[in-house]
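*Asks:* This one is work_39.txt, compact mmCIF, N, CA and C atoms.
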# COMPACT_ATOMS: atom_id res chain seq x y z
N MET A 285 -29.01 5.49 -15.72
CA MET A 285 -28.44 4.30 -15.13
C MET A 285 -27.05 4.65 -14.59
N GLY A 286 -26.98 4.79 -13.32
CA GLY A 286 -25.71 5.13 -12.69
C GLY A 286 -25.31 4.08 -11.66
N MET A 287 -24.22 4.37 -11.04
CA MET A 287 -23.74 3.49 -9.97
C MET A 287 -24.54 3.75 -8.70
N SER A 288 -24.78 2.70 -7.93
CA SER A 288 -25.42 2.93 -6.65
C SER A 288 -24.42 3.61 -5.71
N GLN A 289 -24.94 4.20 -4.66
CA GLN A 289 -24.09 4.93 -3.71
C GLN A 289 -23.06 3.99 -3.08
N ASP A 290 -23.46 2.77 -2.73
CA ASP A 290 -22.52 1.81 -2.13
C ASP A 290 -21.44 1.39 -3.12
N ASN A 291 -21.84 1.13 -4.37
CA ASN A 291 -20.84 0.76 -5.37
C ASN A 291 -19.83 1.88 -5.59
N LEU A 292 -20.31 3.11 -5.57
CA LEU A 292 -19.41 4.25 -5.74
C LEU A 292 -18.43 4.35 -4.57
N ARG A 293 -18.93 4.15 -3.36
CA ARG A 293 -18.04 4.15 -2.18
C ARG A 293 -16.98 3.06 -2.31
N GLY A 294 -17.41 1.87 -2.68
CA GLY A 294 -16.46 0.77 -2.84
C GLY A 294 -15.44 1.04 -3.92
N PHE A 295 -15.89 1.64 -5.02
CA PHE A 295 -15.01 1.99 -6.13
C PHE A 295 -13.95 3.00 -5.68
N ILE A 296 -14.39 4.03 -4.97
CA ILE A 296 -13.45 5.06 -4.50
C ILE A 296 -12.47 4.47 -3.49
N LEU A 297 -12.96 3.64 -2.59
CA LEU A 297 -12.07 2.99 -1.61
C LEU A 297 -11.05 2.09 -2.30
N ALA A 298 -11.47 1.38 -3.33
CA ALA A 298 -10.55 0.51 -4.07
C ALA A 298 -9.48 1.33 -4.79
N LEU A 299 -9.87 2.46 -5.36
CA LEU A 299 -8.89 3.33 -6.02
C LEU A 299 -7.89 3.90 -5.01
N LEU A 300 -8.40 4.37 -3.88
CA LEU A 300 -7.51 4.88 -2.84
C LEU A 300 -6.58 3.79 -2.33
N SER A 301 -7.13 2.60 -2.18
CA SER A 301 -6.32 1.46 -1.73
C SER A 301 -5.16 1.21 -2.67
N SER A 302 -5.42 1.21 -3.96
CA SER A 302 -4.35 0.98 -4.94
C SER A 302 -3.28 2.07 -4.85
N GLY A 303 -3.71 3.29 -4.67
CA GLY A 303 -2.75 4.39 -4.54
C GLY A 303 -1.89 4.25 -3.30
N PHE A 304 -2.52 3.94 -2.17
CA PHE A 304 -1.77 3.78 -0.92
C PHE A 304 -0.80 2.60 -0.99
N ILE A 305 -1.27 1.47 -1.51
CA ILE A 305 -0.40 0.29 -1.57
C ILE A 305 0.75 0.52 -2.53
N GLY A 306 0.48 1.09 -3.69
CA GLY A 306 1.55 1.37 -4.64
C GLY A 306 2.58 2.34 -4.09
N ALA A 307 2.10 3.39 -3.42
CA ALA A 307 3.02 4.38 -2.83
C ALA A 307 3.82 3.76 -1.70
N SER A 308 3.22 2.83 -0.97
CA SER A 308 3.93 2.23 0.16
C SER A 308 5.18 1.47 -0.29
N PHE A 309 5.12 0.84 -1.44
CA PHE A 309 6.30 0.13 -1.94
C PHE A 309 7.45 1.10 -2.22
N ILE A 310 7.11 2.23 -2.76
CA ILE A 310 8.13 3.24 -3.07
C ILE A 310 8.72 3.81 -1.78
N ILE A 311 7.86 4.12 -0.82
CA ILE A 311 8.32 4.69 0.45
C ILE A 311 9.19 3.69 1.20
N LYS A 312 8.75 2.43 1.26
CA LYS A 312 9.54 1.42 1.97
C LYS A 312 10.89 1.21 1.29
N LYS A 313 10.92 1.21 -0.02
CA LYS A 313 12.18 1.05 -0.75
C LYS A 313 13.14 2.19 -0.43
N LYS A 314 12.63 3.41 -0.38
CA LYS A 314 13.47 4.56 -0.03
C LYS A 314 14.00 4.41 1.39
N GLY A 315 13.16 3.92 2.29
CA GLY A 315 13.59 3.67 3.67
C GLY A 315 14.66 2.61 3.75
N LEU A 316 14.51 1.54 2.96
CA LEU A 316 15.52 0.48 2.93
C LEU A 316 16.86 0.99 2.41
N ARG A 317 16.79 1.81 1.38
CA ARG A 317 18.04 2.36 0.82
C ARG A 317 18.71 3.31 1.81
N ARG A 318 17.92 4.11 2.48
CA ARG A 318 18.49 5.04 3.47
C ARG A 318 19.13 4.26 4.62
N ALA A 319 18.45 3.21 5.09
CA ALA A 319 18.99 2.40 6.18
C ALA A 319 20.28 1.70 5.77
N ALA A 320 20.33 1.21 4.53
CA ALA A 320 21.53 0.55 4.04
C ALA A 320 22.69 1.53 3.93
N ALA A 321 22.40 2.76 3.55
CA ALA A 321 23.45 3.77 3.44
C ALA A 321 24.02 4.13 4.81
N VAL A 322 23.17 4.14 5.82
CA VAL A 322 23.62 4.50 7.16
C VAL A 322 24.39 3.35 7.82
N SER A 323 23.84 2.14 7.72
CA SER A 323 24.44 1.00 8.44
C SER A 323 25.50 0.28 7.62
N GLY A 324 25.42 0.35 6.30
CA GLY A 324 26.37 -0.35 5.45
C GLY A 324 25.98 -1.80 5.19
N VAL A 325 24.90 -2.28 5.81
CA VAL A 325 24.45 -3.66 5.62
C VAL A 325 23.02 -3.63 5.08
N ARG A 326 22.82 -4.27 3.94
CA ARG A 326 21.49 -4.34 3.35
C ARG A 326 20.63 -5.33 4.10
N ALA A 327 19.32 -5.11 4.07
CA ALA A 327 18.38 -5.98 4.76
C ALA A 327 18.45 -7.41 4.22
N GLY A 328 18.74 -7.56 2.94
CA GLY A 328 18.83 -8.89 2.34
C GLY A 328 20.02 -9.69 2.83
N TYR A 329 20.97 -9.02 3.44
CA TYR A 329 22.16 -9.68 3.96
C TYR A 329 22.17 -9.74 5.47
N GLY A 330 21.00 -9.62 6.08
CA GLY A 330 20.89 -9.77 7.53
C GLY A 330 20.87 -8.47 8.30
N GLY A 331 20.79 -7.36 7.61
CA GLY A 331 20.73 -6.07 8.32
C GLY A 331 19.34 -5.80 8.86
N TYR A 332 19.30 -5.20 10.02
CA TYR A 332 18.02 -4.86 10.65
C TYR A 332 17.88 -3.37 10.90
N ALA A 333 18.75 -2.58 10.31
CA ALA A 333 18.73 -1.12 10.53
C ALA A 333 17.45 -0.49 10.01
N TYR A 334 16.82 -1.12 9.04
CA TYR A 334 15.58 -0.55 8.49
C TYR A 334 14.48 -0.46 9.53
N LEU A 335 14.54 -1.28 10.57
CA LEU A 335 13.53 -1.23 11.63
C LEU A 335 13.61 0.06 12.43
N LEU A 336 14.74 0.73 12.36
CA LEU A 336 14.91 2.01 13.05
C LEU A 336 14.69 3.20 12.12
N GLU A 337 14.35 2.92 10.88
CA GLU A 337 14.19 3.97 9.87
C GLU A 337 12.72 4.43 9.82
N PRO A 338 12.45 5.70 10.18
CA PRO A 338 11.06 6.20 10.17
C PRO A 338 10.40 6.15 8.79
N LEU A 339 11.19 6.33 7.74
CA LEU A 339 10.63 6.30 6.39
C LEU A 339 10.09 4.90 6.06
N TRP A 340 10.79 3.87 6.50
CA TRP A 340 10.32 2.51 6.27
C TRP A 340 9.00 2.27 7.02
N TRP A 341 8.93 2.76 8.26
CA TRP A 341 7.70 2.61 9.04
C TRP A 341 6.54 3.39 8.43
N LEU A 342 6.83 4.55 7.87
CA LEU A 342 5.79 5.31 7.17
C LEU A 342 5.24 4.50 6.00
N GLY A 343 6.13 3.84 5.27
CA GLY A 343 5.70 2.98 4.17
C GLY A 343 4.85 1.81 4.65
N MET A 344 5.21 1.26 5.80
CA MET A 344 4.46 0.14 6.34
C MET A 344 3.06 0.58 6.78
N VAL A 345 2.98 1.75 7.41
CA VAL A 345 1.67 2.28 7.82
C VAL A 345 0.82 2.60 6.58
N THR A 346 1.46 3.13 5.56
CA THR A 346 0.75 3.43 4.31
C THR A 346 0.18 2.15 3.70
N MET A 347 0.94 1.08 3.76
CA MET A 347 0.46 -0.19 3.22
C MET A 347 -0.72 -0.72 4.03
N ILE A 348 -0.64 -0.60 5.33
CA ILE A 348 -1.74 -1.08 6.18
C ILE A 348 -3.01 -0.29 5.91
N VAL A 349 -2.89 1.02 5.75
CA VAL A 349 -4.05 1.86 5.43
C VAL A 349 -4.65 1.41 4.09
N GLY A 350 -3.80 1.14 3.11
CA GLY A 350 -4.27 0.68 1.81
C GLY A 350 -4.98 -0.66 1.88
N GLU A 351 -4.44 -1.57 2.67
CA GLU A 351 -5.06 -2.89 2.79
C GLU A 351 -6.40 -2.81 3.52
N VAL A 352 -6.48 -1.96 4.53
CA VAL A 352 -7.75 -1.78 5.24
C VAL A 352 -8.79 -1.16 4.30
N ALA A 353 -8.38 -0.18 3.51
CA ALA A 353 -9.30 0.42 2.54
C ALA A 353 -9.78 -0.61 1.53
N ASN A 354 -8.89 -1.49 1.10
CA ASN A 354 -9.28 -2.55 0.16
C ASN A 354 -10.29 -3.50 0.80
N PHE A 355 -10.04 -3.87 2.05
CA PHE A 355 -10.94 -4.77 2.77
C PHE A 355 -12.33 -4.14 2.91
N VAL A 356 -12.37 -2.86 3.28
CA VAL A 356 -13.65 -2.16 3.45
C VAL A 356 -14.36 -1.99 2.11
N ALA A 357 -13.60 -1.84 1.03
CA ALA A 357 -14.21 -1.69 -0.30
C ALA A 357 -15.07 -2.90 -0.65
N TYR A 358 -14.64 -4.08 -0.21
CA TYR A 358 -15.42 -5.29 -0.49
C TYR A 358 -16.76 -5.28 0.25
N ALA A 359 -16.86 -4.51 1.33
CA ALA A 359 -18.13 -4.42 2.05
C ALA A 359 -19.15 -3.59 1.28
N PHE A 360 -18.66 -2.66 0.46
CA PHE A 360 -19.57 -1.76 -0.26
C PHE A 360 -19.83 -2.18 -1.70
N ALA A 361 -18.87 -2.78 -2.34
CA ALA A 361 -19.01 -3.09 -3.77
C ALA A 361 -18.71 -4.56 -4.00
N PRO A 362 -19.25 -5.12 -5.07
CA PRO A 362 -18.99 -6.53 -5.37
C PRO A 362 -17.53 -6.76 -5.79
N ALA A 363 -17.09 -7.98 -5.60
CA ALA A 363 -15.70 -8.34 -5.91
C ALA A 363 -15.36 -8.10 -7.37
N ILE A 364 -16.34 -8.25 -8.25
CA ILE A 364 -16.08 -8.06 -9.68
C ILE A 364 -15.70 -6.60 -9.99
N LEU A 365 -16.07 -5.68 -9.12
CA LEU A 365 -15.70 -4.28 -9.29
C LEU A 365 -14.40 -3.95 -8.56
N VAL A 366 -14.21 -4.50 -7.36
CA VAL A 366 -13.06 -4.14 -6.51
C VAL A 366 -11.78 -4.86 -6.94
N THR A 367 -11.86 -6.14 -7.23
CA THR A 367 -10.65 -6.93 -7.51
C THR A 367 -9.81 -6.41 -8.67
N PRO A 368 -10.39 -6.08 -9.81
CA PRO A 368 -9.55 -5.56 -10.91
C PRO A 368 -8.84 -4.25 -10.55
N LEU A 369 -9.44 -3.46 -9.68
CA LEU A 369 -8.81 -2.20 -9.29
C LEU A 369 -7.58 -2.44 -8.43
N GLY A 370 -7.50 -3.61 -7.80
CA GLY A 370 -6.31 -3.96 -7.01
C GLY A 370 -5.07 -4.06 -7.88
N ALA A 371 -5.25 -4.35 -9.14
CA ALA A 371 -4.11 -4.42 -10.06
C ALA A 371 -3.49 -3.06 -10.32
N LEU A 372 -4.21 -2.01 -10.01
CA LEU A 372 -3.66 -0.66 -10.22
C LEU A 372 -2.47 -0.39 -9.31
N SER A 373 -2.39 -1.08 -8.17
CA SER A 373 -1.25 -0.84 -7.27
C SER A 373 0.06 -1.22 -7.94
N ILE A 374 0.02 -2.15 -8.87
CA ILE A 374 1.22 -2.54 -9.61
C ILE A 374 1.62 -1.42 -10.56
N ILE A 375 0.65 -0.76 -11.16
CA ILE A 375 0.93 0.34 -12.08
C ILE A 375 1.49 1.54 -11.32
N VAL A 376 0.99 1.77 -10.11
CA VAL A 376 1.46 2.91 -9.32
C VAL A 376 2.93 2.77 -8.99
N ARG A 377 3.39 1.53 -8.78
CA ARG A 377 4.80 1.31 -8.45
C ARG A 377 5.62 1.85 -9.55
Please lay out the structure from this file as structure tokens.
*Replies:*
Amino acid sequence: MGMSQDNLRGFILALLSSGFIGASFIIKKKGLRRAAAVSGVRAGYGGYAYLLEPLWWLGMVTMIVGEVANFVAYAFAPAILVTPLGALSIIVR
């Protein structure tokens, strides 16, 4: 009694999604800190320098890849398998 091929694909996609989303928060935070160090104004205080920071954009692309992988995971595996794995992105942070 094993997992079906589709469930396994969905499971792997959900795991990858959690890794990408969790890593994206770290990358974006590093980009925000770098932008604040260069401009002297934090994003929370109206600074927009982070939009020119490649590291922040890398984090944003990483998050989009993770979200797309999560969306596709639902096509292969049932929600009862995919949804709990989404909580792993919090642990990765």
*Asks:* For a quick check of understanding, using only C-alpha atoms, which of A:Tyr358, A:Ala320, A:Met347, A:Gly306 has the smallest distance to Ala333 in chain A?
*Replies:*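 Of A:Tyr358, A:Ala320, A:Met347, A:Gly306, the one nearest Ala333 in chain A is A:Ala320, counting only C-alpha atoms.
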*Asks:* Between atom N of Leu297 in chain A and atom N of Leu339 in chain A, what is the distance in Å, rounded to a tenth?
*Replies:*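 Separation between atom N of Leu297 in chain A and atom N of Leu339 in chain A: 26.4 Å.
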*Asks:* Going by DSSP on the backbone, which residues of range 326-375 of chain A come out as alpha helix (DSSP H)? List them as a ChimeraX atom specification.
*Replies:* /A:338-360,363-370,372-375
*Asks:* What separation in Å, quoted to one decimal, exists between atom C of Val366 in chain A and atom N of Ile305 in chain A?
*Replies:*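 Computing it gives 13.4 Å between the two atoms.
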*Asks:* In Å to one decimal, how far is atom C of Pro338 in chain A from atom N of Ala371 in chain A?
*Replies:* 26.0 Å
*Asks:* Restricting the calculation to all atoms listed in the file: of A:Ala353, A:Ile374, A:Gln289, A:Gly315, which residue gets closest to Leu335 in chain A?
*Replies:*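 Checking each candidate against Leu335 in chain A, we get A:Gly315 as the closest.
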*Asks:* Which residues of range 290-336 of chain A come within 7 Å of range 354-357 of chain A, and for each one, what is the closest pair of atoms and their distance in Å to one decimal, counting all atoms listed in the file, sorted by chain and residue number, as CSV?
*Replies:*
residue,atom,partner,partner_atom,distance
A:Arg293,C,A:Ala357,CA,5.9
A:Gly294,CA,A:Ala357,CA,4.2
A:Phe295,N,A:Ala357,CA,6.0
A:Leu297,CA,A:Ala357,CA,5.3
A:Ala298,N,A:Ala357,CA,5.1
A:Leu300,C,A:Asn354,N,6.7
A:Ser301,CA,A:Asn354,N,4.8
A:Ser302,N,A:Asn354,N,6.7
*Asks:* In terms of the shortest atom-to-atom distance over only N, CA and C atoms, which of A:Arg317, A:Leu299, A:Met287, A:Phe304 is closest to Val345 in chain A?
*Replies:*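 When distances to Val345 in chain A are compared using only N, CA and C atoms, the smallest one comes from A:Phe304.
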*Asks:* Please determine, counting only C-alpha atoms, which residue among A:Gly370, A:Gly343, A:Gly331, A:Gly324 has the shortest atom-to-atom distance to Ile296 in chain A.
*Replies:*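 Of all the options, A:Gly370 lies closest to Ile296 in chain A.
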*Asks:* Determine the nearest neighbour of Tyr334 in chain A from the options A:Phe360, A:Ile310, A:Arg318, A:Gly303, counting all atoms listed in the file.
*Replies:* A:Arg318
*Asks:* Once N, CA, C and O atoms are restored for range 340-351 of chain A, what would the output be as a PDB file, in the coordinates of the input?
*Replies:*
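Contents of rebuild.pdb, freshly written:
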ATOM      1  N   TRP A 340      10.790   3.870   6.500  1.00  0.00           N
ATOM      2  CA  TRP A 340      10.320   2.510   6.270  1.00  0.00           C
ATOM      3  C   TRP A 340       9.000   2.270   7.020  1.00  0.00           C
ATOM      4  O   TRP A 340       8.068   1.671   6.494  1.00  0.00           O
ATOM      5  N   TRP A 341       8.930   2.760   8.260  1.00  0.00           N
ATOM      6  CA  TRP A 341       7.700   2.610   9.040  1.00  0.00           C
ATOM      7  C   TRP A 341       6.540   3.390   8.430  1.00  0.00           C
ATOM      8  O   TRP A 341       5.393   2.932   8.464  1.00  0.00           O
ATOM      9  N   LEU A 342       6.830   4.550   7.870  1.00  0.00           N
ATOM     10  CA  LEU A 342       5.790   5.310   7.170  1.00  0.00           C
ATOM     11  C   LEU A 342       5.240   4.500   6.000  1.00  0.00           C
ATOM     12  O   LEU A 342       4.026   4.449   5.771  1.00  0.00           O
ATOM     13  N   GLY A 343       6.130   3.840   5.270  1.00  0.00           N
ATOM     14  CA  GLY A 343       5.700   2.980   4.170  1.00  0.00           C
ATOM     15  C   GLY A 343       4.850   1.810   4.650  1.00  0.00           C
ATOM     16  O   GLY A 343       3.860   1.434   4.014  1.00  0.00           O
ATOM     17  N   MET A 344       5.210   1.260   5.800  1.00  0.00           N
ATOM     18  CA  MET A 344       4.460   0.140   6.340  1.00  0.00           C
ATOM     19  C   MET A 344       3.060   0.580   6.780  1.00  0.00           C
ATOM     20  O   MET A 344       2.065  -0.098   6.497  1.00  0.00           O
ATOM     21  N   VAL A 345       2.980   1.750   7.410  1.00  0.00           N
ATOM     22  CA  VAL A 345       1.670   2.280   7.820  1.00  0.00           C
ATOM     23  C   VAL A 345       0.820   2.600   6.580  1.00  0.00           C
ATOM     24  O   VAL A 345      -0.382   2.326   6.554  1.00  0.00           O
ATOM     25  N   THR A 346       1.460   3.130   5.560  1.00  0.00           N
ATOM     26  CA  THR A 346       0.750   3.430   4.310  1.00  0.00           C
ATOM     27  C   THR A 346       0.180   2.150   3.700  1.00  0.00           C
ATOM     28  O   THR A 346      -0.949   2.138   3.206  1.00  0.00           O
ATOM     29  N   MET A 347       0.940   1.080   3.760  1.00  0.00           N
ATOM     30  CA  MET A 347       0.460  -0.190   3.220  1.00  0.00           C
ATOM     31  C   MET A 347      -0.720  -0.720   4.030  1.00  0.00           C
ATOM     32  O   MET A 347      -1.709  -1.207   3.460  1.00  0.00           O
ATOM     33  N   ILE A 348      -0.640  -0.600   5.330  1.00  0.00           N
ATOM     34  CA  ILE A 348      -1.740  -1.080   6.180  1.00  0.00           C
ATOM     35  C   ILE A 348      -3.010  -0.290   5.910  1.00  0.00           C
ATOM     36  O   ILE A 348      -4.098  -0.866   5.798  1.00  0.00           O
ATOM     37  N   VAL A 349      -2.890   1.020   5.750  1.00  0.00           N
ATOM     38  CA  VAL A 349      -4.050   1.860   5.430  1.00  0.00           C
ATOM     39  C   VAL A 349      -4.650   1.410   4.090  1.00  0.00           C
ATOM     40  O   VAL A 349      -5.875   1.291   3.944  1.00  0.00           O
ATOM     41  N   GLY A 350      -3.800   1.140   3.110  1.00  0.00           N
ATOM     42  CA  GLY A 350      -4.270   0.680   1.810  1.00  0.00           C
ATOM     43  C   GLY A 350      -4.980  -0.660   1.880  1.00  0.00           C
ATOM     44  O   GLY A 350      -6.024  -0.864   1.245  1.00  0.00           O
ATOM     45  N   GLU A 351      -4.440  -1.570   2.670  1.00  0.00           N
ATOM     46  CA  GLU A 351      -5.060  -2.890   2.790  1.00  0.00           C
ATOM     47  C   GLU A 351      -6.400  -2.810   3.520  1.00  0.00           C
ATOM     48  O   GLU A 351      -7.348  -3.515   3.165  1.00  0.00           O
TER      49      GLU A 351
END
